[in-house]
Amino acid sequence: MSSTAENIQDNAQLDAWLDKKLDELLPKKIEQIENAKTPSMSIIATKGTLDWAYPPFILASTAAALGWEVDIFFTFYGLLLLKKKLAAEVSPLGNPAMPMKMPFGPQWFQDFDWPMPNLLMAGVPGFEKVATGLMKKTFKNKGVATVEELRDLCLEAEVKMVACQMTVDVFGFDPGEFIPEVTDFVGATSFLPVAQKSDVCLFI
Amino acid sequence: MTEVAEKLDARGMNCPLPIVKTRKALNLINTGEILEVTSSDPGSVKDMAVFCEQTGNRLVASNEAESSYVFLIEKA
C-alpha cells in the first residue's frame, strides 16, 4: 500500500521536475529550430496588367535575394506573365488610383497629375498603348527594372513558377508560349499545401 | 583593413535591384571578402542593413557621400 503511495509521490515529483526542465529548455530549443528554418513565401499571381506585373516579381526577387524559398502560382490573367514575349499593358481607365504624370519635360511639368476624363480614356483608340508607354518611360527614368528583367532575376534566384492548368485550358493558352522554366502545370490542390507551409502567402 | 574584393555600382537602380544585384555580387566572392556597393537609392540604406541581418552577412560600413550611399559588406 505504502509503496503505491510512494510511487505516486515519485511520479508527481518527476512530473514537476520535468515541467520545470521543459520550461527552462523549450524556449531556447524552439528559438533554435525557428532560426534554422529557411523562410518561405508563396504567391498566387492573378493579374496580367503592367501595374500588377511588378508586385509578384519584385517581392519574389527580393525574398529570393534574402535567401527565402519562393513559389509562385500563376493563374487567370497572371498566366500572361509567363509568356515568353511579355506584352503587359496598363490603362488608367477603371484605375482611378493611377496617376497620369508625364515622364518628360521640365520638373514642374512632370510633377503635374493630369486629370483624365473617362470619355477620353474609353473613346480614344490606343489610349492604353499611350498609358503603357508613359508608365514604362517613368519606370526607366527612375531606374526601376523592366518586368522581363525582374522575371529573369527571379528565375536566376531559382524562384519556382507554376501555372494553373485549369485557367490555361479555360482561356485557351498555348503552353508553348510560356517560358520553358515553368516547372509544372498544376491545380489549386497541389499549390495549397505549399501555401500552407510557407511563412508568407500573398494573393496578388 | 581587408581589401575590397568586388565592387557593385548600383547607382541609378531602384528597389529591388540594389539588393538583388548585391546578392548576385556576393556569390562572386569568398567568405571573409568584402563587397563594396554604391547606391543612389535612399531606401537602400535600411534595405542593406536588413539584408545583411537576414542573410548573416556582416555590414561593415554604411556611409553617405553626396547623394550616394556606400556599403561595405563582408561575406559570411
# chains A, B, ... in the order shown; residues from 1 in each chain; ligands from 1
>>> closest_atom_pairs(of="chain A", to="chain B", cutoff="9 Å", atoms="only C-alpha atoms", output="tab-separated table")
residue	atom	partner	partner_atom	distance
A:Ile58	CA	B:Pro16	CA	6.2
A:Leu59	CA	B:Pro16	CA	8.2
A:Ser61	CA	B:Val20	CA	6.7
A:Thr62	CA	B:Pro16	CA	6.1
A:Ala64	CA	B:Val20	CA	8.1
A:Ala65	CA	B:Val20	CA	5.3
A:Leu66	CA	B:Thr55	CA	5.9
A:Gly67	CA	B:Thr55	CA	6.7
A:Asn141	CA	B:Gly12	CA	8.9
A:Lys142	CA	B:Asn14	CA	6.8
A:Gly143	CA	B:Met13	CA	4.5
A:Val144	CA	B:Asn14	CA	5.0
A:Ala145	CA	B:Leu17	CA	7.1
A:Leu150	CA	B:Leu17	CA	8.4
A:Leu153	CA	B:Val20	CA	7.7
A:Ala157	CA	B:Lys24	CA	8.7
>>> select_by_dssp(residues="chain B", states="strand (DSSP E or B)", output="list of chain:residue names")
B:Val4, B:Ala5, B:Glu6, B:Lys7, B:Leu8, B:Asp9, B:Ala10, B:Ile34, B:Leu35, B:Glu36, B:Val37, B:Thr38, B:Ser39, B:Arg58, B:Leu59, B:Val60, B:Ala61, B:Ser62, B:Asn63, B:Glu64, B:Ala65, B:Ser68, B:Tyr69, B:Val70, B:Phe71, B:Leu72, B:Ile73, B:Glu74
>>> select_by_dssp(residues="chain B", states="alpha helix (DSSP H)", output="list of chain:residue names")
B:Leu17, B:Pro18, B:Ile19, B:Val20, B:Lys21, B:Thr22, B:Arg23, B:Lys24, B:Ala25, B:Leu26, B:Gly43, B:Ser44, B:Val45, B:Lys46, B:Asp47, B:Met48, B:Ala49, B:Val50, B:Phe51, B:Cys52, B:Glu53, B:Gln54, B:Thr55
>>> atom_distance(atom1="CA of Phe74 in chain A", atom2="CA of Val162 in chain A")
6.2 Å
>>> atom_distance(atom1="CA of Pro180 in chain A", atom2="CA of Leu82 in chain A")
9.2 Å
>>> atom_distance(atom1="CA of Val194 in chain A", atom2="CA of Thr49 in chain A")
25.6 Å
>>> residues_around(residues="Thr183 in chain A", least_positions_apart="5", cutoff="12 Å", atoms="only C-alpha atoms", output="list in words")
Asp71, Ile72, Phe73, Phe74, Leu82, Leu155, Glu158, Val159, Lys160, Met161, Val162, Ala163, Cys164, Pro175 and Phe178 of chain A
>>> residues_around(residues="Val37 in chain B", least_positions_apart="4", cutoff="6 Å", atoms="only C-alpha atoms", output="ChimeraX atom specification")
/B:7-9,70-71
>>> write_last_selection(atoms="N, CA and C atoms", output="PDB file, in the first residue's frame")
ATOM      1  N   LYS B   7      33.365  45.213 -56.502  1.00  0.00           N
ATOM      2  CA  LYS B   7      32.583  46.444 -56.386  1.00  0.00           C
ATOM      3  C   LYS B   7      31.314  46.345 -57.208  1.00  0.00           C
ATOM      4  N   LEU B   8      30.238  46.865 -56.639  1.00  0.00           N
ATOM      5  CA  LEU B   8      28.987  46.889 -57.371  1.00  0.00           C
ATOM      6  C   LEU B   8      28.493  48.327 -57.427  1.00  0.00           C
ATOM      7  N   ASP B   9      28.313  48.835 -58.652  1.00  0.00           N
ATOM      8  CA  ASP B   9      27.786  50.181 -58.807  1.00  0.00           C
ATOM      9  C   ASP B   9      26.287  50.056 -59.058  1.00  0.00           C
ATOM     10  N   VAL B  70      27.412  54.359 -49.727  1.00  0.00           N
ATOM     11  CA  VAL B  70      28.413  53.322 -49.952  1.00  0.00           C
ATOM     12  C   VAL B  70      28.328  52.312 -48.808  1.00  0.00           C
ATOM     13  N   PHE B  71      28.228  51.046 -49.158  1.00  0.00           N
ATOM     14  CA  PHE B  71      28.135  49.983 -48.168  1.00  0.00           C
ATOM     15  C   PHE B  71      29.293  49.019 -48.333  1.00  0.00           C
TER      16      PHE B  71
END
>>> closest_residue(among="B:Ala49, B:Thr38, B:Ala76, B:Leu26", to="Glu64 in chain B", atoms="only C-alpha atoms")
B:Thr38
>>> residues_around(residues="Tyr69 in chain B", least_positions_apart="3", cutoff="8 Å", atoms="only C-alpha atoms", output="PyMOL selection string")
chain B and resi 38-42+45+62-65
>>> write_last_selection(atoms="C-alpha atoms", output="PDB file, in the first residue's frame")
ATOM      1  CA  THR B  38      27.355  52.118 -54.178  1.00  0.00           C
ATOM      2  CA  SER B  39      23.743  53.145 -54.440  1.00  0.00           C
ATOM      3  CA  SER B  40      21.779  56.310 -55.079  1.00  0.00           C
ATOM      4  CA  ASP B  41      18.535  54.912 -53.650  1.00  0.00           C
ATOM      5  CA  PRO B  42      17.882  56.317 -50.153  1.00  0.00           C
ATOM      6  CA  VAL B  45      20.200  52.209 -46.549  1.00  0.00           C
ATOM      7  CA  SER B  62      27.339  52.202 -44.314  1.00  0.00           C
ATOM      8  CA  ASN B  63      28.255  55.713 -45.375  1.00  0.00           C
ATOM      9  CA  GLU B  64      26.590  58.577 -47.137  1.00  0.00           C
ATOM     10  CA  ALA B  65      28.599  60.694 -49.548  1.00  0.00           C
TER      11      ALA B  65
END
>>> residues_around(residues="Pro39 in chain A", least_positions_apart="4", cutoff="9 Å", atoms="only C-alpha atoms", output="MDAnalysis selection string")
chainID A and resid 63 67:70 198:200
>>> residues_around(residues="Met116 in chain A", least_positions_apart="3", cutoff="8 Å", atoms="only C-alpha atoms", output="ChimeraX atom specification")
/A:100,120-121
>>> closest_residue(among="B:Glu66, B:Glu6, B:Ala61, B:Leu72", to="Leu28 in chain B", atoms="only C-alpha atoms")
B:Glu6
